[in-house]
$ cat start-v8.cif   # mmCIF, C-alpha atoms
data_final
#
loop_
_atom_site.label_atom_id
_atom_site.label_comp_id
_atom_site.auth_asym_id
_atom_site.auth_seq_id
_atom_site.Cartn_x
_atom_site.Cartn_y
_atom_site.Cartn_z
CA MET A 1 31.94 -18.19 1.89
CA GLU A 2 30.75 -15.13 3.76
CA ASN A 3 29.48 -12.28 1.57
CA LEU A 4 29.61 -14.29 -1.66
CA TYR A 5 26.38 -14.25 -3.62
CA LEU A 6 25.34 -15.44 -7.05
CA ILE A 7 22.90 -13.74 -9.41
CA ALA A 8 21.46 -15.19 -12.63
CA ALA A 9 18.37 -15.25 -14.83
CA ILE A 10 17.40 -18.71 -16.05
CA GLY A 11 14.70 -20.25 -18.20
CA GLU A 12 12.53 -23.26 -17.40
CA ASN A 13 15.30 -25.66 -18.42
CA GLY A 14 18.12 -23.69 -16.82
CA GLU A 15 18.90 -21.69 -19.96
CA LEU A 16 21.36 -18.86 -19.35
CA GLY A 17 22.28 -17.64 -22.81
CA LYS A 18 23.11 -18.24 -26.41
CA LYS A 19 25.96 -16.97 -28.56
CA ASN A 20 27.46 -15.20 -25.51
CA GLN A 21 24.33 -13.07 -25.00
CA LEU A 22 21.36 -13.04 -22.68
CA ILE A 23 18.29 -14.78 -24.06
CA TRP A 24 15.69 -12.54 -22.45
CA HIS A 25 16.01 -8.77 -22.00
CA LEU A 26 13.48 -7.99 -19.29
CA LYS A 27 13.48 -4.40 -18.09
CA GLU A 28 12.52 -5.13 -14.48
CA ASP A 29 15.03 -7.96 -14.26
CA LEU A 30 17.86 -5.77 -15.54
CA LYS A 31 16.81 -3.18 -12.95
CA PHE A 32 16.86 -5.90 -10.25
CA PHE A 33 20.38 -6.94 -11.33
CA LYS A 34 21.59 -3.35 -11.14
CA GLU A 35 20.00 -2.77 -7.71
CA GLN A 36 21.49 -5.96 -6.27
CA THR A 37 25.00 -5.50 -7.61
CA MET A 38 25.45 -1.72 -7.43
CA GLY A 39 28.32 -0.75 -5.14
CA HIS A 40 29.62 -4.31 -4.92
CA ASP A 41 32.36 -6.36 -6.54
CA ILE A 42 31.23 -8.62 -9.38
CA VAL A 43 33.02 -11.81 -10.47
CA MET A 44 32.75 -13.14 -13.99
CA GLY A 45 34.55 -15.16 -16.61
CA TYR A 46 36.31 -13.60 -19.57
CA GLN A 47 33.48 -14.36 -22.04
CA THR A 48 30.93 -12.74 -19.74
CA PHE A 49 33.17 -9.70 -19.41
CA CYS A 50 33.40 -9.48 -23.21
CA SER A 51 29.60 -9.71 -23.52
CA LEU A 52 29.05 -6.60 -21.38
CA PRO A 53 28.20 -3.48 -23.36
CA LYS A 54 30.69 -1.54 -21.21
CA ILE A 55 32.24 -1.52 -17.74
CA LEU A 56 29.25 -1.50 -15.39
CA PRO A 57 29.43 1.69 -13.34
CA GLY A 58 29.58 1.52 -9.56
CA ARG A 59 30.96 -2.02 -9.45
CA LYS A 60 34.49 -3.43 -9.27
CA HIS A 61 34.93 -6.07 -12.00
CA ILE A 62 36.86 -9.25 -11.22
CA VAL A 63 37.55 -11.51 -14.19
CA LEU A 64 38.53 -15.14 -13.63
CA THR A 65 40.42 -16.46 -16.65
CA HIS A 66 43.28 -18.77 -17.55
CA ARG A 67 44.13 -16.47 -20.46
CA ASP A 68 47.13 -14.18 -20.35
CA ILE A 69 45.23 -10.97 -21.11
CA VAL A 70 45.35 -7.29 -20.40
CA LEU A 71 42.07 -5.66 -19.42
CA PRO A 72 41.31 -2.07 -18.46
CA GLU A 73 43.30 -0.84 -15.46
CA ASP A 74 40.34 -0.86 -13.08
CA VAL A 75 39.50 -4.55 -13.78
CA ILE A 76 41.02 -7.17 -11.47
CA VAL A 77 42.25 -10.25 -13.36
CA CYS A 78 42.55 -13.51 -11.40
CA HIS A 79 43.99 -16.70 -12.87
CA SER A 80 42.63 -19.23 -10.37
CA LEU A 81 39.60 -19.83 -8.21
CA GLN A 82 41.84 -19.63 -5.15
CA GLU A 83 43.09 -16.21 -6.22
CA VAL A 84 39.48 -14.97 -6.59
CA LYS A 85 38.55 -16.31 -3.16
CA GLU A 86 41.57 -14.69 -1.54
CA TYR A 87 40.76 -11.36 -3.18
CA ILE A 88 37.11 -11.53 -2.04
CA GLN A 89 38.11 -12.38 1.53
CA SER A 90 40.67 -9.56 1.60
CA GLN A 91 38.01 -7.03 0.60
CA GLY A 92 35.54 -8.08 3.32
CA LYS A 93 32.49 -6.89 1.40
CA GLU A 94 29.64 -8.35 -0.62
CA CYS A 95 30.58 -9.85 -3.96
CA TYR A 96 28.28 -11.17 -6.68
CA VAL A 97 29.08 -13.95 -9.15
CA ILE A 98 27.47 -12.90 -12.46
CA GLY A 99 28.50 -15.68 -14.87
CA GLY A 100 29.13 -17.48 -17.10
CA ALA A 101 28.13 -21.07 -16.62
CA SER A 102 31.56 -22.45 -15.69
CA ILE A 103 32.13 -19.65 -13.16
CA TYR A 104 28.70 -20.34 -11.64
CA GLU A 105 29.54 -24.03 -11.40
CA GLN A 106 32.91 -23.38 -9.74
CA MET A 107 31.65 -20.81 -7.25
CA LEU A 108 28.12 -22.08 -6.45
CA PRO A 109 29.32 -24.34 -3.59
CA ASP A 110 30.82 -21.29 -1.83
CA CYS A 111 27.85 -18.92 -2.19
CA ASP A 112 25.77 -17.97 0.87
CA LYS A 113 22.89 -16.65 -1.23
CA LEU A 114 21.61 -17.05 -4.75
CA TYR A 115 19.42 -14.49 -6.47
CA LEU A 116 17.75 -16.34 -9.32
CA THR A 117 15.28 -14.92 -11.78
CA LYS A 118 13.14 -17.87 -12.82
CA ILE A 119 11.69 -17.11 -16.23
CA GLU A 120 8.59 -19.03 -17.33
CA ALA A 121 9.87 -19.56 -20.85
CA ASN A 122 12.40 -21.70 -22.65
CA ASP A 123 14.71 -21.42 -25.61
CA THR A 124 15.65 -24.50 -27.61
CA GLU A 125 18.61 -22.63 -29.12
CA ALA A 126 20.26 -21.90 -25.76
CA ASP A 127 23.87 -23.03 -25.63
CA VAL A 128 24.70 -22.23 -22.00
CA TYR A 129 22.89 -23.59 -18.94
CA PHE A 130 22.93 -22.91 -15.22
CA PRO A 131 24.48 -25.76 -13.22
CA ARG A 132 22.17 -28.15 -11.43
CA PHE A 133 22.15 -27.87 -7.64
CA ASP A 134 20.19 -29.26 -4.71
CA GLU A 135 17.49 -26.74 -3.77
CA GLU A 136 16.96 -28.65 -0.51
CA ASN A 137 20.14 -27.00 0.80
CA PHE A 138 18.46 -23.58 0.67
CA ASP A 139 15.54 -21.67 2.15
CA ILE A 140 13.76 -20.09 -0.80
CA HIS A 141 11.94 -16.74 -0.69
CA VAL A 142 9.91 -15.20 -3.51
CA LEU A 143 10.95 -11.53 -3.63
CA ASP A 144 8.55 -10.41 -6.38
CA GLU A 145 6.79 -11.47 -9.56
CA HIS A 146 6.56 -9.74 -12.94
CA GLU A 147 5.22 -10.10 -16.45
CA GLU A 148 6.78 -8.37 -19.46
CA ASN A 149 6.06 -9.02 -23.12
CA LYS A 150 3.82 -11.94 -22.07
CA ILE A 151 6.74 -13.54 -20.17
CA ARG A 152 6.19 -14.24 -16.48
CA TYR A 153 9.12 -14.42 -14.06
CA LYS A 154 9.96 -14.37 -10.37
CA HIS A 155 12.92 -13.06 -8.42
CA LEU A 156 13.89 -15.68 -5.84
CA GLU A 157 16.36 -15.50 -2.99
CA TYR A 158 17.98 -18.77 -1.97
CA VAL A 159 19.64 -18.66 1.45
CA ARG A 160 21.95 -21.55 2.29
CA LYS A 161 20.75 -23.53 5.33
#
$ encode --input "start-v8.cif" --output "structure tokens"
Amino acid sequence: MENLYLIAAIGENGELGKKNQLIWHLKEDLKFFKEQTMGHDIVMGYQTFCSLPKILPGRKHIVLTHRDIVLPEDVIVCHSLQEVKEYIQSQGKECYVIGGASIYEQMLPDCDKLYLTKIEANDTEADVYFPRFDEENFDIHVLDEHEENKIRYKHLEYVRK
């Protein structure tokens, strides 16, 4: 799908989080996330929305959920994948999928680009993992490399072939 991107930080075994929180809090990675998503729509599941410390400024939040919920007025609630796709297409601008795992899995096949932070660490207590996918379907570019608190990681851009 044109203009649909995915962004995630994952450990060596695909770890995404535990207890509805990020595993690693890496300053440069959080800065990267902000720079990539600022000014764009962001799609997430309800649990991911609830894990945010607040509404992220400068971004339109789209929550995909089957729940009958009321969220703040400026948050778009969609109840099906088709509804999300129609909304994204109607906007005609870049949109980032920011989680959680089931939303990544549902939307990964439609994403033109993936921005993955590959963290050289693992967490045996992780309870949420990034879905497996065939990297052969993408051209992969290393954007930069960092080390914080003795944890090395890379920002990678995957562009669908």
$ resolve_selection --input "start-v8.cif" --expression "the PyMOL selection byres ((chain A and resi 116) around 10)" --output "list in words"
Leu6, Ile7, Ala8, Ala9, Ile10, Phe33, Lys113, Leu114, Tyr115, Thr117, Lys118, Ile119, Val142, Lys154, His155, Leu156, Glu157 and Tyr158 of chain A
$ write_last_selection --input "start-v8.cif" --atoms "C-alpha atoms" --output "compact mmCIF listing (two decimals), in the coordinates of the input"
# COMPACT_ATOMS: atom_id res chain seq x y z
CA LEU A 6 25.34 -15.44 -7.05
CA ILE A 7 22.90 -13.74 -9.41
CA ALA A 8 21.46 -15.19 -12.63
CA ALA A 9 18.37 -15.25 -14.83
CA ILE A 10 17.40 -18.71 -16.05
CA PHE A 33 20.38 -6.94 -11.33
CA LYS A 113 22.89 -16.65 -1.23
CA LEU A 114 21.61 -17.05 -4.75
CA TYR A 115 19.42 -14.49 -6.47
CA THR A 117 15.28 -14.92 -11.78
CA LYS A 118 13.14 -17.87 -12.82
CA ILE A 119 11.69 -17.11 -16.23
CA VAL A 142 9.91 -15.20 -3.51
CA LYS A 154 9.96 -14.37 -10.37
CA HIS A 155 12.92 -13.06 -8.42
CA LEU A 156 13.89 -15.68 -5.84
CA GLU A 157 16.36 -15.50 -2.99
CA TYR A 158 17.98 -18.77 -1.97
$ closest_residue --input "start-v8.cif" --among "A:Tyr129, A:Tyr5, A:Phe49, A:Phe32" --to "Glu94 of chain A" --atoms "all atoms listed in the file"
A:Tyr5
$ closest_residue --input "start-v8.cif" --among "A:Met107, A:Leu56, A:Ile23, A:Ile98" --to "Val43 of chain A" --atoms "only C-alpha atoms"
A:Ile98
$ resolve_selection --input "start-v8.cif" --expression "the PyMOL selection byres ((chain A and resi 132-137) around 9)" --output "compact mmCIF listing (two decimals) with C-alpha atoms, in the coordinates of the input"
# COMPACT_ATOMS: atom_id res chain seq x y z
CA GLY A 14 18.12 -23.69 -16.82
CA GLU A 105 29.54 -24.03 -11.40
CA LEU A 108 28.12 -22.08 -6.45
CA PRO A 109 29.32 -24.34 -3.59
CA TYR A 129 22.89 -23.59 -18.94
CA PHE A 130 22.93 -22.91 -15.22
CA PRO A 131 24.48 -25.76 -13.22
CA PHE A 138 18.46 -23.58 0.67
CA ASP A 139 15.54 -21.67 2.15
CA ILE A 140 13.76 -20.09 -0.80
CA TYR A 158 17.98 -18.77 -1.97
CA VAL A 159 19.64 -18.66 1.45
CA ARG A 160 21.95 -21.55 2.29
CA LYS A 161 20.75 -23.53 5.33
$ closest_residue --input "start-v8.cif" --among "A:Glu35, A:Asp110, A:Glu145, A:Asp123" --to "Glu12 of chain A" --atoms "only C-alpha atoms"
A:Asp123
$ residues_around --input "start-v8.cif" --residues "Gly39 of chain A" --least-positions-apart "3" --cutoff "12 Å" --atoms "all atoms listed in the file" --output "list of chain:residue names"
A:Phe33, A:Lys34, A:Glu35, A:Gln36, A:Ile42, A:Leu56, A:Pro57, A:Gly58, A:Arg59, A:Lys60, A:His61, A:Lys93, A:Glu94, A:Cys95, A:Tyr96
$ resolve_selection --input "start-v8.cif" --expression "the PyMOL selection byres ((chain A and resi 72-84) around 9)" --output "PyMOL selection string"
chain A and resi 43+55+60-71+85-89+103+106-107
$ atom_distance --input "start-v8.cif" --atom1 "atom CA of Asn3 of chain A" --atom2 "atom CA of Gly99 of chain A"
16.8 Å
$ atom_distance --input "start-v8.cif" --atom1 "atom CA of Pro53 of chain A" --atom2 "atom CA of Val128 of chain A"
19.1 Å
$ atom_distance --input "start-v8.cif" --atom1 "atom CA of Leu30 of chain A" --atom2 "atom CA of Tyr153 of chain A"
12.4 Å
$ closest_residue --input "start-v8.cif" --among "A:Met44, A:Met38, A:Met1, A:Ala121" --to "Ala101 of chain A" --atoms "only C-alpha atoms"
A:Met44
$ closest_residue --input "start-v8.cif" --among "A:Asp112, A:Glu148, A:Leu4, A:Glu120" --to "His40 of chain A" --atoms "only C-alpha atoms"
A:Leu4
$ residues_around --input "start-v8.cif" --residues "Glu125 of chain A" --least-positions-apart "3" --cutoff "12 Å" --atoms "all atoms listed in the file" --output "count of residues only"
13
$ build_atoms --input "start-v8.cif" --residues "segment 2-26 of chain A" --atoms "N, CA and C atoms" --output "PDB file, in the frame of the given file"
ATOM      1  N   GLU A   2      31.489 -16.295   3.304  1.00  0.00           N
ATOM      2  CA  GLU A   2      30.750 -15.130   3.760  1.00  0.00           C
ATOM      3  C   GLU A   2      30.778 -14.026   2.703  1.00  0.00           C
ATOM      4  N   ASN A   3      29.625 -13.402   2.501  1.00  0.00           N
ATOM      5  CA  ASN A   3      29.480 -12.280   1.570  1.00  0.00           C
ATOM      6  C   ASN A   3      29.628 -12.631   0.100  1.00  0.00           C
ATOM      7  N   LEU A   4      29.530 -13.900  -0.250  1.00  0.00           N
ATOM      8  CA  LEU A   4      29.610 -14.290  -1.660  1.00  0.00           C
ATOM      9  C   LEU A   4      28.226 -14.721  -2.125  1.00  0.00           C
ATOM     10  N   TYR A   5      27.715 -14.006  -3.097  1.00  0.00           N
ATOM     11  CA  TYR A   5      26.380 -14.250  -3.620  1.00  0.00           C
ATOM     12  C   TYR A   5      26.465 -14.529  -5.115  1.00  0.00           C
ATOM     13  N   LEU A   6      25.410 -15.117  -5.632  1.00  0.00           N
ATOM     14  CA  LEU A   6      25.340 -15.440  -7.050  1.00  0.00           C
ATOM     15  C   LEU A   6      24.055 -14.837  -7.591  1.00  0.00           C
ATOM     16  N   ILE A   7      24.103 -14.308  -8.789  1.00  0.00           N
ATOM     17  CA  ILE A   7      22.900 -13.740  -9.410  1.00  0.00           C
ATOM     18  C   ILE A   7      22.834 -14.208 -10.866  1.00  0.00           C
ATOM     19  N   ALA A   8      21.642 -14.678 -11.263  1.00  0.00           N
ATOM     20  CA  ALA A   8      21.460 -15.190 -12.630  1.00  0.00           C
ATOM     21  C   ALA A   8      19.989 -15.156 -12.998  1.00  0.00           C
ATOM     22  N   ALA A   9      19.722 -15.112 -14.289  1.00  0.00           N
ATOM     23  CA  ALA A   9      18.370 -15.250 -14.830  1.00  0.00           C
ATOM     24  C   ALA A   9      18.366 -16.518 -15.674  1.00  0.00           C
ATOM     25  N   ILE A  10      17.420 -17.414 -15.364  1.00  0.00           N
ATOM     26  CA  ILE A  10      17.400 -18.710 -16.050  1.00  0.00           C
ATOM     27  C   ILE A  10      15.997 -19.063 -16.529  1.00  0.00           C
ATOM     28  N   GLY A  11      15.959 -19.781 -17.645  1.00  0.00           N
ATOM     29  CA  GLY A  11      14.700 -20.250 -18.200  1.00  0.00           C
ATOM     30  C   GLY A  11      14.244 -21.531 -17.520  1.00  0.00           C
ATOM     31  N   GLU A  12      13.139 -22.058 -17.991  1.00  0.00           N
ATOM     32  CA  GLU A  12      12.530 -23.260 -17.400  1.00  0.00           C
ATOM     33  C   GLU A  12      13.460 -24.470 -17.397  1.00  0.00           C
ATOM     34  N   ASN A  13      14.359 -24.529 -18.332  1.00  0.00           N
ATOM     35  CA  ASN A  13      15.300 -25.660 -18.420  1.00  0.00           C
ATOM     36  C   ASN A  13      16.704 -25.266 -17.999  1.00  0.00           C
ATOM     37  N   GLY A  14      16.817 -24.159 -17.282  1.00  0.00           N
ATOM     38  CA  GLY A  14      18.120 -23.690 -16.820  1.00  0.00           C
ATOM     39  C   GLY A  14      18.888 -22.877 -17.846  1.00  0.00           C
ATOM     40  N   GLU A  15      18.228 -22.465 -18.919  1.00  0.00           N
ATOM     41  CA  GLU A  15      18.900 -21.690 -19.960  1.00  0.00           C
ATOM     42  C   GLU A  15      19.450 -20.385 -19.397  1.00  0.00           C
ATOM     43  N   LEU A  16      20.704 -20.116 -19.743  1.00  0.00           N
ATOM     44  CA  LEU A  16      21.360 -18.860 -19.350  1.00  0.00           C
ATOM     45  C   LEU A  16      21.556 -17.936 -20.556  1.00  0.00           C
ATOM     46  N   GLY A  17      21.986 -18.486 -21.671  1.00  0.00           N
ATOM     47  CA  GLY A  17      22.280 -17.640 -22.810  1.00  0.00           C
ATOM     48  C   GLY A  17      22.502 -18.413 -24.081  1.00  0.00           C
ATOM     49  N   LYS A  18      22.729 -17.645 -25.123  1.00  0.00           N
ATOM     50  CA  LYS A  18      23.110 -18.240 -26.410  1.00  0.00           C
ATOM     51  C   LYS A  18      23.980 -17.252 -27.158  1.00  0.00           C
ATOM     52  N   LYS A  19      25.005 -17.781 -27.794  1.00  0.00           N
ATOM     53  CA  LYS A  19      25.960 -16.970 -28.560  1.00  0.00           C
ATOM     54  C   LYS A  19      26.524 -15.835 -27.717  1.00  0.00           C
ATOM     55  N   ASN A  20      26.840 -16.142 -26.459  1.00  0.00           N
ATOM     56  CA  ASN A  20      27.460 -15.200 -25.510  1.00  0.00           C
ATOM     57  C   ASN A  20      26.587 -13.970 -25.243  1.00  0.00           C
ATOM     58  N   GLN A  21      25.268 -14.146 -25.289  1.00  0.00           N
ATOM     59  CA  GLN A  21      24.330 -13.070 -25.000  1.00  0.00           C
ATOM     60  C   GLN A  21      23.201 -13.596 -24.123  1.00  0.00           C
ATOM     61  N   LEU A  22      22.552 -12.669 -23.431  1.00  0.00           N
ATOM     62  CA  LEU A  22      21.360 -13.040 -22.680  1.00  0.00           C
ATOM     63  C   LEU A  22      20.264 -13.452 -23.652  1.00  0.00           C
ATOM     64  N   ILE A  23      19.410 -14.352 -23.207  1.00  0.00           N
ATOM     65  CA  ILE A  23      18.290 -14.780 -24.060  1.00  0.00           C
ATOM     66  C   ILE A  23      17.138 -13.788 -23.938  1.00  0.00           C
ATOM     67  N   TRP A  24      16.817 -13.428 -22.700  1.00  0.00           N
ATOM     68  CA  TRP A  24      15.690 -12.540 -22.450  1.00  0.00           C
ATOM     69  C   TRP A  24      16.198 -11.197 -21.926  1.00  0.00           C
ATOM     70  N   HIS A  25      15.672 -10.118 -22.462  1.00  0.00           N
ATOM     71  CA  HIS A  25      16.010  -8.770 -22.000  1.00  0.00           C
ATOM     72  C   HIS A  25      14.756  -8.197 -21.355  1.00  0.00           C
ATOM     73  N   LEU A  26      14.652  -8.395 -20.055  1.00  0.00           N
ATOM     74  CA  LEU A  26      13.480  -7.990 -19.290  1.00  0.00           C
ATOM     75  C   LEU A  26      13.827  -6.780 -18.445  1.00  0.00           C
TER      76      LEU A  26
END
